[in-house]
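Data block for protein-v2.txt (compact mmCIF, C-alpha atoms and all ligand atoms):
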# COMPACT_ATOMS: atom_id res chain seq x y z
CA MET L 20 191.10 129.91 -11.51
CA SER L 21 194.86 129.56 -11.31
CA GLN L 22 196.85 132.23 -9.45
CA PHE L 23 199.60 131.77 -12.06
CA SER L 24 199.80 133.42 -15.45
CA GLU L 25 199.38 131.43 -18.67
CA CYS L 26 203.18 131.27 -19.09
CA PRO L 27 204.96 132.17 -15.83
CA THR L 28 208.63 133.14 -15.72
CA VAL L 29 210.81 130.72 -13.75
CA SER L 30 214.30 131.54 -12.48
CA LEU L 31 216.56 128.74 -13.70
CA ILE L 32 219.75 128.08 -11.75
CA ALA L 33 221.59 125.34 -13.66
CA GLY L 34 224.12 124.98 -10.83
CA ASP L 35 227.57 123.45 -10.54
CA GLY L 36 229.12 120.12 -11.59
CA ILE L 37 226.55 118.08 -13.53
CA GLY L 38 224.01 120.90 -13.06
CA PRO L 39 224.26 122.44 -16.56
CA GLU L 40 224.10 118.99 -18.23
CA ILE L 41 220.90 118.00 -16.45
CA ALA L 42 219.31 121.46 -16.62
CA ASP L 43 219.59 121.71 -20.40
CA VAL L 44 217.84 118.39 -21.03
CA THR L 45 215.20 119.16 -18.40
CA VAL L 46 214.34 122.42 -20.18
CA LYS L 47 214.03 120.45 -23.43
CA LEU L 48 211.66 117.94 -21.85
CA VAL L 49 209.44 120.58 -20.22
CA GLU L 50 209.03 122.29 -23.59
CA ALA L 51 208.39 119.03 -25.44
CA ALA L 52 205.75 118.02 -22.87
CA GLY L 53 203.88 121.27 -23.46
CA GLY L 54 204.88 123.02 -20.24
CA ARG L 55 204.30 126.74 -20.66
CA VAL L 56 207.08 128.56 -18.83
CA GLN L 57 209.58 131.25 -19.69
CA TRP L 58 213.06 130.52 -18.32
CA GLU L 59 215.17 133.28 -16.82
CA ARG L 60 218.72 131.91 -16.43
CA VAL L 61 220.60 133.12 -13.35
CA SER L 62 223.59 131.73 -11.49
CA ALA L 63 224.57 130.67 -7.99
CA GLY L 64 227.10 128.42 -6.25
CA MET L 65 230.79 127.81 -6.98
CA GLY L 66 230.45 128.99 -10.60
CA ALA L 67 228.90 132.30 -9.51
CA ALA L 68 231.56 132.71 -6.80
CA GLU L 69 234.30 132.36 -9.44
CA GLN L 70 232.57 134.53 -12.05
CA PHE L 71 231.04 137.28 -9.89
CA GLY L 72 232.89 136.90 -6.59
CA ASP L 73 229.61 136.00 -4.89
CA PRO L 74 228.01 132.53 -4.61
CA LEU L 75 224.58 134.15 -4.43
CA PRO L 76 224.63 137.26 -6.65
CA ALA L 77 222.07 140.01 -6.02
CA ALA L 78 220.69 139.53 -9.56
CA THR L 79 219.79 135.92 -8.71
CA VAL L 80 218.01 136.92 -5.52
CA GLU L 81 216.16 139.68 -7.40
CA SER L 82 215.08 137.25 -10.12
CA ILE L 83 213.62 134.76 -7.61
CA LYS L 84 211.98 137.58 -5.66
CA LYS L 85 210.30 138.82 -8.82
CA ASN L 86 209.28 135.43 -10.26
CA GLN L 87 208.55 133.59 -6.98
CA LEU L 88 209.33 130.39 -8.89
CA ALA L 89 212.70 128.69 -9.37
CA LEU L 90 214.15 125.45 -10.70
CA LYS L 91 217.59 124.74 -9.33
CA GLY L 92 220.35 122.31 -10.16
CA PRO L 93 222.84 121.24 -7.48
CA LEU L 94 225.21 123.79 -5.96
CA GLY L 95 228.69 123.07 -4.61
CA THR L 96 229.43 124.07 -1.03
CA PRO L 97 232.95 124.05 0.42
CA ILE L 98 233.13 121.62 3.36
CA GLY L 99 234.25 122.92 6.77
CA ALA L 100 235.27 126.39 5.56
CA GLY L 101 234.47 128.99 2.88
CA PHE L 102 231.03 130.40 2.15
CA ARG L 103 227.86 129.17 3.81
CA SER L 104 225.62 126.79 1.87
CA VAL L 105 223.75 128.75 -0.81
CA ASN L 106 220.95 126.18 -0.59
CA VAL L 107 220.45 126.95 3.09
CA ALA L 108 220.74 130.71 2.42
CA LEU L 109 218.07 130.55 -0.32
CA ARG L 110 215.70 128.57 1.90
CA GLN L 111 216.12 131.06 4.72
CA GLN L 112 216.02 134.18 2.54
CA PHE L 113 212.72 133.18 0.91
CA ASP L 114 211.39 131.46 4.01
CA LEU L 115 211.01 128.21 2.06
CA TYR L 116 210.02 126.37 5.19
CA ALA L 117 208.50 123.23 3.71
CA ASN L 118 210.80 120.77 1.98
CA VAL L 119 208.71 118.10 0.32
CA ARG L 120 210.35 114.95 -1.01
CA PRO L 121 208.10 112.26 -2.49
CA THR L 122 209.71 108.84 -2.99
CA VAL L 123 207.71 106.31 -4.95
CA THR L 124 208.98 103.02 -6.36
CA ILE L 125 209.68 103.43 -10.09
CA PRO L 126 209.20 100.24 -12.13
CA GLY L 127 212.42 99.22 -13.88
CA VAL L 128 214.72 101.10 -11.51
CA PRO L 129 216.78 98.53 -9.59
CA SER L 130 215.97 98.68 -5.88
CA ARG L 131 215.59 96.31 -2.93
CA TYR L 132 211.94 97.30 -2.53
CA SER L 133 208.89 97.30 -4.76
CA ASN L 134 206.36 99.02 -2.54
CA VAL L 135 207.71 102.37 -1.39
CA ASP L 136 205.40 105.38 -1.39
CA ILE L 137 206.62 107.85 1.22
CA VAL L 138 206.58 111.63 1.37
CA VAL L 139 209.10 113.26 3.69
CA VAL L 140 208.05 116.74 4.82
CA ARG L 141 211.08 118.41 6.35
CA GLU L 142 211.18 121.71 8.24
CA ASN L 143 213.68 123.73 6.24
CA THR L 144 214.64 126.85 8.19
CA GLU L 145 215.27 125.99 11.86
CA ASP L 146 217.03 123.36 13.97
CA LEU L 147 220.82 123.01 13.70
CA TYR L 148 220.66 124.73 10.30
CA ALA L 149 219.75 128.09 11.84
CA GLY L 150 223.45 128.96 11.35
CA ILE L 151 224.23 129.69 15.01
CA GLU L 152 227.69 128.21 15.46
CA HIS L 153 230.90 129.36 17.09
CA TYR L 154 234.17 128.19 18.59
CA VAL L 155 234.20 128.51 22.34
CA ASP L 156 237.71 130.03 22.35
CA ALA L 157 240.38 131.35 20.02
CA ARG L 158 242.27 128.02 20.17
CA ARG L 159 239.24 126.26 18.67
CA SER L 160 239.31 123.73 21.49
CA ALA L 161 235.55 123.19 21.14
CA ALA L 162 232.71 124.34 18.92
CA GLU L 163 229.05 124.86 19.59
CA SER L 164 226.08 124.62 17.19
CA ILE L 165 222.68 125.65 18.47
CA ALA L 166 219.42 124.04 17.38
CA ILE L 167 216.44 126.39 17.30
CA ILE L 168 212.95 124.89 17.34
CA THR L 169 210.05 127.34 17.65
CA ARG L 170 206.37 126.72 18.25
CA PHE L 171 205.56 128.80 15.15
CA GLY L 172 208.02 126.90 12.93
CA SER L 173 206.84 123.55 14.25
CA GLU L 174 203.16 124.32 13.84
CA ARG L 175 203.38 125.54 10.27
CA ILE L 176 205.38 122.54 9.02
CA ILE L 177 203.17 120.03 10.84
CA VAL L 178 200.02 121.74 9.52
CA TYR L 179 201.59 121.60 6.06
CA ALA L 180 202.15 117.82 6.45
CA PHE L 181 198.53 117.21 7.51
CA GLU L 182 197.14 119.44 4.76
CA TYR L 183 199.34 117.64 2.24
CA ALA L 184 198.00 114.31 3.55
CA ARG L 185 194.41 115.54 3.32
CA ARG L 186 194.77 116.94 -0.21
CA HIS L 187 196.62 113.90 -1.56
CA GLY L 188 194.39 111.25 0.01
CA ARG L 189 197.12 110.08 2.37
CA LYS L 190 196.15 108.08 5.45
CA LYS L 191 198.85 108.63 8.05
CA VAL L 192 201.35 111.21 9.32
CA THR L 193 204.35 110.00 11.35
CA LEU L 194 206.23 112.66 13.33
CA VAL L 195 209.92 111.83 13.76
CA HIS L 196 211.92 113.23 16.71
CA LYS L 197 214.48 112.52 19.44
CA ALA L 198 212.40 113.85 22.32
CA ASN L 199 213.64 111.12 24.68
CA ILE L 200 217.04 112.87 24.76
CA LEU L 201 216.41 116.39 23.39
CA LYS L 202 213.50 116.85 25.75
CA LEU L 203 212.96 120.58 25.28
CA SER L 204 213.55 121.31 21.58
CA ASN L 205 212.28 118.00 20.21
CA GLY L 206 209.73 117.76 23.01
CA LEU L 207 208.24 121.05 21.80
CA PHE L 208 208.03 119.76 18.21
CA LEU L 209 206.29 116.59 19.44
CA ASP L 210 203.86 118.47 21.70
CA VAL L 211 202.87 120.77 18.82
CA GLY L 212 202.44 117.70 16.61
CA ARG L 213 200.05 116.10 19.08
CA GLU L 214 198.03 119.34 19.27
CA VAL L 215 197.83 119.75 15.48
CA ALA L 216 196.91 116.08 14.98
CA LYS L 217 193.66 116.63 16.93
CA ARG L 218 192.50 119.00 14.16
CA TYR L 219 192.73 116.17 11.60
CA PRO L 220 190.82 113.25 13.11
CA GLU L 221 190.44 111.54 9.73
CA ILE L 222 194.25 111.15 9.39
CA GLN L 223 196.10 108.65 11.59
CA PHE L 224 198.96 110.09 13.59
CA ASP L 225 201.90 108.46 15.31
CA ASP L 226 205.37 109.47 16.39
CA MET L 227 208.66 107.66 16.27
CA ILE L 228 212.20 108.21 17.55
CA VAL L 229 214.59 108.96 14.71
CA ASP L 230 216.98 106.03 15.23
CA ALA L 231 214.11 103.54 15.26
CA THR L 232 212.71 105.28 12.19
CA ALA L 233 215.96 104.75 10.28
CA MET L 234 215.82 101.03 11.07
CA LYS L 235 212.10 100.64 10.30
CA LEU L 236 212.40 102.52 7.01
CA VAL L 237 214.86 99.89 5.86
CA VAL L 238 213.01 96.88 7.28
CA MET L 239 209.40 97.80 6.46
CA PRO L 240 209.12 100.96 4.36
CA GLU L 241 205.50 100.12 3.56
CA ARG L 242 204.44 101.13 7.11
CA PHE L 243 205.21 104.80 6.30
CA ASP L 244 203.04 107.27 4.46
CA VAL L 245 203.78 110.96 5.24
CA ILE L 246 206.73 111.68 7.55
CA VAL L 247 207.10 115.10 9.14
CA THR L 248 210.29 116.04 10.92
CA MET L 249 212.83 118.72 11.77
CA ASN L 250 215.61 119.96 9.52
CA LEU L 251 218.57 117.68 10.32
CA PHE L 252 216.59 114.45 10.64
CA GLY L 253 214.66 115.36 7.49
CA ASP L 254 217.87 115.95 5.57
CA ILE L 255 219.21 112.52 6.50
CA LEU L 256 215.98 110.51 6.29
CA SER L 257 215.01 111.93 2.90
CA ASP L 258 218.29 110.69 1.43
CA LEU L 259 217.58 107.35 3.06
CA THR L 260 214.13 107.20 1.45
CA ALA L 261 215.70 108.14 -1.92
CA GLY L 262 217.92 105.08 -1.43
CA LEU L 263 214.80 102.93 -1.04
CA ILE L 264 213.72 103.73 -4.60
CA GLY L 265 217.06 103.43 -6.36
CA GLY L 266 219.13 106.40 -5.27
CA LEU L 267 219.58 110.14 -5.43
CA GLY L 268 219.48 110.25 -9.22
CA VAL L 269 215.70 109.81 -9.31
CA ALA L 270 214.61 111.87 -6.30
CA PRO L 271 212.82 115.23 -6.74
CA ALA L 272 212.11 117.92 -4.15
CA ALA L 273 210.09 121.08 -3.63
CA ASN L 274 210.90 123.92 -1.25
CA LEU L 275 207.79 125.92 -0.51
CA GLY L 276 207.21 129.04 1.50
CA GLY L 277 204.87 131.89 2.09
CA ASN L 278 201.30 131.79 3.17
CA LEU L 279 200.62 128.05 2.80
CA PHE L 280 197.33 127.11 4.47
CA GLY L 281 197.34 130.40 6.39
CA MET L 282 200.47 129.38 8.33
CA GLY L 283 203.21 131.44 6.70
CA GLU L 284 203.86 135.04 5.94
CA GLY L 285 204.90 137.10 2.95
CA GLY L 286 204.85 135.89 -0.67
CA SER L 287 204.52 132.36 -1.92
CA CYS L 288 207.93 131.47 -3.29
CA ALA L 289 208.50 127.92 -4.54
CA MET L 290 211.83 126.41 -5.54
CA PHE L 291 212.18 122.96 -7.06
CA GLU L 292 215.44 121.02 -7.08
CA ALA L 293 217.00 117.61 -7.49
CA VAL L 294 218.03 116.07 -4.17
CA HIS L 295 221.51 114.99 -5.29
CA GLY L 296 224.69 117.07 -5.26
CA THR L 297 227.00 118.27 -8.01
CA ALA L 298 228.48 114.77 -8.61
CA PRO L 299 231.99 116.11 -9.29
CA ASP L 300 233.23 112.58 -10.10
CA ILE L 301 231.10 112.41 -13.26
CA ALA L 302 230.70 116.10 -14.17
CA GLY L 303 231.38 116.84 -17.83
CA LYS L 304 231.30 113.15 -18.84
CA GLY L 305 227.79 113.26 -20.27
CA ILE L 306 226.57 110.36 -18.11
CA ALA L 307 224.60 112.17 -15.40
CA ASN L 308 221.07 111.01 -14.72
CA PRO L 309 218.72 114.01 -15.13
CA THR L 310 215.63 112.21 -13.71
CA GLY L 311 215.69 113.96 -10.31
CA LEU L 312 215.68 117.41 -11.90
CA MET L 313 213.12 116.37 -14.53
CA LEU L 314 210.76 115.08 -11.82
CA SER L 315 211.36 118.29 -9.85
CA ALA L 316 210.35 120.26 -12.95
CA ALA L 317 207.20 118.11 -13.12
CA MET L 318 206.46 119.09 -9.49
CA LEU L 319 206.90 122.72 -10.58
CA LEU L 320 204.35 122.24 -13.36
CA ASP L 321 201.93 120.65 -10.86
CA HIS L 322 202.44 123.68 -8.63
CA ILE L 323 201.58 126.15 -11.40
CA ASP L 324 198.48 124.19 -12.40
CA GLN L 325 199.95 122.60 -15.53
CA ARG L 326 199.26 119.09 -14.31
CA ALA L 327 198.66 117.55 -17.74
CA ALA L 328 202.16 118.47 -18.96
CA ALA L 329 203.62 117.21 -15.67
CA ASP L 330 201.80 113.88 -16.05
CA ARG L 331 203.09 113.54 -19.62
CA MET L 332 206.65 114.08 -18.36
CA ARG L 333 206.30 111.49 -15.61
CA ALA L 334 204.76 108.92 -17.94
CA ALA L 335 207.55 109.34 -20.54
CA ILE L 336 210.25 109.12 -17.86
CA LYS L 337 208.71 105.86 -16.60
CA VAL L 338 208.81 104.34 -20.09
CA ALA L 339 212.47 105.32 -20.65
CA LEU L 340 213.50 103.93 -17.26
CA LEU L 341 211.88 100.55 -18.01
CA ASN L 342 214.24 99.87 -20.91
CA ASP L 343 217.94 98.92 -20.41
CA GLU L 344 218.90 100.77 -23.57
CA THR L 345 217.47 104.08 -22.39
CA ARG L 346 218.02 103.73 -18.61
CA THR L 347 221.09 105.59 -17.29
CA ARG L 348 224.18 103.76 -16.04
CA ASP L 349 223.79 104.73 -12.37
CA LEU L 350 220.56 102.71 -12.51
CA GLY L 351 222.12 99.67 -14.20
CA GLY L 352 221.20 100.73 -17.74
CA LYS L 353 223.34 101.44 -20.79
CA ALA L 354 222.38 105.03 -21.61
CA ASP L 355 224.29 108.26 -21.21
CA THR L 356 222.42 111.53 -20.58
CA LYS L 357 221.79 112.09 -24.29
CA ALA L 358 220.47 108.57 -25.01
CA TYR L 359 218.24 108.68 -21.95
CA THR L 360 216.82 112.08 -22.89
CA GLU L 361 216.16 110.89 -26.44
CA GLY L 362 214.38 107.86 -24.96
CA VAL L 363 212.17 110.10 -22.81
CA LEU L 364 211.40 112.42 -25.74
CA ARG L 365 210.51 109.41 -27.97
CA ALA L 366 208.19 108.06 -25.27
CA LEU L 367 206.54 111.45 -25.07
CA LYS L 368 205.66 111.37 -28.75
CA ALA L 369 204.50 107.73 -28.78
N1 LIG L 401 220.96 120.44 -3.31
C1 LIG L 401 222.24 120.64 -3.55
O1 LIG L 401 222.61 121.59 -4.20
C2 LIG L 401 223.26 119.67 -2.99
C3 LIG L 401 222.86 118.49 -2.34
C4 LIG L 401 223.86 117.61 -1.88
C5 LIG L 401 225.22 117.92 -2.05
N2 LIG L 401 225.55 119.10 -2.66
C6 LIG L 401 226.96 119.43 -2.94
O2 LIG L 401 227.44 118.60 -3.99
C7 LIG L 401 228.83 118.36 -3.84
C8 LIG L 401 229.14 116.87 -3.95
O3 LIG L 401 228.46 116.18 -2.91
P1 LIG L 401 228.47 114.61 -2.71
O4 LIG L 401 229.57 114.02 -3.53
O5 LIG L 401 228.40 114.35 -1.26
O6 LIG L 401 227.05 114.11 -3.28
P2 LIG L 401 226.55 113.90 -4.79
O7 LIG L 401 225.07 113.70 -4.71
O8 LIG L 401 227.04 114.97 -5.66
O9 LIG L 401 227.24 112.53 -5.27
C9 LIG L 401 227.13 111.29 -4.58
C10 LIG L 401 227.31 110.13 -5.59
O10 LIG L 401 226.11 110.01 -6.37
C11 LIG L 401 226.38 110.16 -7.76
N3 LIG L 401 225.30 110.98 -8.35
C12 LIG L 401 224.70 112.05 -7.77
N4 LIG L 401 223.78 112.55 -8.61
C13 LIG L 401 223.82 111.82 -9.72
C14 LIG L 401 223.10 111.85 -10.96
N5 LIG L 401 222.16 112.78 -11.19
N6 LIG L 401 223.40 110.94 -11.91
C15 LIG L 401 224.31 110.00 -11.67
N7 LIG L 401 225.02 109.89 -10.52
C16 LIG L 401 224.78 110.80 -9.56
C17 LIG L 401 227.73 110.87 -7.83
O11 LIG L 401 228.39 110.55 -9.05
C18 LIG L 401 228.43 110.35 -6.59
O12 LIG L 401 229.04 109.11 -6.87
C19 LIG L 401 229.23 119.00 -2.50
O13 LIG L 401 229.80 120.26 -2.76
C20 LIG L 401 227.91 119.17 -1.78
O14 LIG L 401 227.94 120.26 -0.88
C21 LIG L 401 224.61 119.97 -3.16

Please rewrite the model in this file as structure tokens.
Amino acid sequence: MSQFSECPTVSLIAGDGIGPEIADVTVKLVEAAGGRVQWERVSAGMGAAEQFGDPLPAATVESIKKNQLALKGPLGTPIGAGFRSVNVALRQQFDLYANVRPTVTIPGVPSRYSNVDIVVVRENTEDLYAGIEHYVDARRSAAESIAIITRFGSERIIVYAFEYARRHGRKKVTLVHKANILKLSNGLFLDVGREVAKRYPEIQFDDMIVDATAMKLVVMPERFDVIVTMNLFGDILSDLTAGLIGGLGVAPAANLGGNLFGMGEGGSCAMFEAVHGTAPDIAGKGIANPTGLMLSAAMLLDHIDQRAAADRMRAAIKVALLNDETRTRDLGGKADTKAYTEGVLRALKA
């Protein structure tokens, strides 16, 4: 029996820039596909900072705490100064330690590759993103950022990657690191990986240095299956893998926390989001590609045991992306957001 109610409430953060444009059509598609959720709209990011003087208002945090489920559009973060990334704050606040980014070749979407099927599992709370940074003196002559890697944090993300592989019929987990240079922090992550791998003899395990991984992902992406890595490398490599299937516009992501496979603590919060940013250059023009957020919403439906509606969404998206007339412009098609959404909704009814 599902742990979720018949029609769970989901905190919806539309976000900044193109966020509201893609969130509105995503909500439409979820409803049309028969997804049973109740949306609770809350705000965060630049818009919330302007409106409420706080990029992460208490009401938003309360909503996510209560619902334990969120769908989030992109949030703007000032570069170099200003408030800390709300994305990072949300991941840390709700201990959303597993960032899961599946990238599968989508027929019709222009790309250099036709055979990509990679899932990047990124540790989401530690490493250089722990937020420990300071200038060494008042003249700002140097700055220091500290990477934290713990045995606990490493073990739970690596266990998550193996359990994901086991449950999804995946064959191999590749652990990515830089332990040749960062011998202690990355060496710890690698050591824990080798220990955990012994518990999953049916799944192949290898490890690879991050620079070589970047090269091999481009030259032979088909050699990869599940990748597990630390926060910074995961951030970079998961954008790279999105590039292998046509770009950020089509890439979904889940941020999961809590007691997954007995390795976490507390609740079981899950937040789903498109991988791309706020796309300020095209915001308000009605041409944003909502696929990333739509596929993230499909991952949310999978998560709450509404797989049939999620499958309907994915199938309709595939049909719309195959056709020039309904594929969005960032993917070489002719459609704006509205025409694409209408194409997806038509495919759903066909
Ligand atoms: N998860 C998040 O909330 C998230 C992720 C990345 C960046 N950001 C923020 O977004 C802002 C802009 O960042 P950026 O410009 O580096 O990256 P971006 O992803 O917003 O844009 C990069 C390029 O991709 C295009 N693009 C992105 N998403 C698209 C879509 N759905 N449809 C069509 N084209 C799309 C943009 O037009 C732009 O040319 C920054 O404030 C950054 O901090 C937020």

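The gap separating atom CA of Ala273 of chain L from atom CA of Ala289 of chain L is 7.1 Å, in Å to one decimal.
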
Quiz prompt | Length of the atom CA of Ala307 of chain L to atom C19 of ligand LIG 401 (chain L) vector [Å] | solution =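 So the two atoms, atom CA of Ala307 of chain L and atom C19 of ligand LIG 401 (chain L), lie 15.3 Å apart.
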
Exercise. For atom CA of Asp114 of chain L and atom CA of Gly276 of chain L, determine how far apart the two atoms are, in Å to one decimal place.
Key: 5.4 Å

Quiz item: What lies within 8 Å of Ala233 of chain L using only C-alpha atoms, ignoring chain neighbours under 3 positions off, as an MDAnalysis selection string?
Solution: chainID L and resid 229:230 236:237 256 259

Prev. selection, C-alpha atoms, output as a short mmCIF file (atom, residue, chain, number, x, y, z; two decimals), keeping the file's coordinate frame:
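Written output follows (part20.cif):
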data_model
loop_
_atom_site.label_atom_id
_atom_site.label_comp_id
_atom_site.auth_asym_id
_atom_site.auth_seq_id
_atom_site.Cartn_x
_atom_site.Cartn_y
_atom_site.Cartn_z
CA VAL L 229 214.59 108.96 14.71
CA ASP L 230 216.98 106.03 15.23
CA LEU L 236 212.40 102.52 7.01
CA VAL L 237 214.86 99.89 5.86
CA LEU L 256 215.98 110.51 6.29
CA LEU L 259 217.58 107.35 3.06
#

Self-check item: Shell of 9 Å around ligand LIG 401 (chain L) (all atoms listed in the file), written as an NGL selection string
Solution: :L and (34-38 or 41 or 64-65 or 91-98 or 104-106 or 266-269 or 292-302 or 306-312 or 347-350 or 356)

Self-check item: For Asn86 of chain L: contacts at 12 Å, all atoms listed in the file, fewer than 5 positions along chain excluded, given as a ChimeraX atom specification
Solution: /L:23-24,26-31,56-61,79-81,113,286-290

Quiz item: Which of these, L:Asp226, L:Phe208, L:Val135, L:Val119, has the shortest distance to Tyr183 of chain L once you count all atoms listed in the file?
Solution: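 Closest candidate: L:Val119.
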
Quiz item: Tyr179 of chain L: which residues within 12 Å, counting only C-alpha atoms, same-chain residues fewer than 5 positions away excluded, as a ChimeraX atom specification?
Solution: /L:116-119,139-142,172-174,184-187,192,212,215-216,219,245-248,275-283

Self-check item: Selected residue, from L:Asp244, L:Phe181, L:Asn205, L:Ala316, that lies nearest to Ala328 of chain L when counting only C-alpha atoms
Solution: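 Among L:Asp244, L:Phe181, L:Asn205, L:Ala316, it is L:Ala316 that comes nearest to Ala328 of chain L.
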
Exercise. Please provide as a PyMOL selection string all residues within 9 Å of segment 364-368 of chain L, with the sequence filter that same-chain residues fewer than 6 positions apart are discarded (counting all atoms listed in the file).
Key: chain L and resi 47-48+51-52+331-332+334-339

Exercise. Quick one: everything within 10 Å of Gly352 of chain L, counting all atoms listed in the file, minus sequence neighbours fewer than 3 positions away in the same chain. Send it as a VMD selection string.
Key: chain L and resid 127 to 129 340 to 349 355 359

Exercise. Return the single residue from L:Gln112, L:Gln87, L:Ser133, L:Ser204 that is closest to Pro240 of chain L, with distances computed using only C-alpha atoms.
Key: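 Nearest candidate to Pro240 of chain L out of L:Gln112, L:Gln87, L:Ser133, L:Ser204: L:Ser133.
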
Quiz item: Looking at L:Glu241, L:Asp321, L:Asp73, L:Glu25, which one is nearest to Tyr132 of chain L, with distances taken over only C-alpha atoms?
Solution: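 Of the candidates, the smallest distance to Tyr132 of chain L is held by L:Glu241.
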
Quiz prompt | L:Gly53, L:Gly253, L:Pro76, L:Gly303 ranked by distance to Arg120 of chain L, top pick (using only C-alpha atoms) | solution =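 So, comparing all the options, the nearest one is L:Gly253.
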
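Ranking L:Arg158, L:Arg110, L:Lys202, L:Lys191 by their shortest atom-to-atom distance to Phe224 of chain L, with all atoms listed in the file included, puts L:Lys191 first.
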
Using the file's own x, y and z axes, so that the box edges lie along x, y and z, what centre and edge lengths in Å (one decimal) does a box around every listed atom of segment 241-254 of chain L get when 4 Å is added on each side? Give it as AutoDock Vina command-line options.
--center_x 210.8 --center_y 110.0 --center_z 7.7 --size_x 23.5 --size_y 27.8 --size_z 16.2
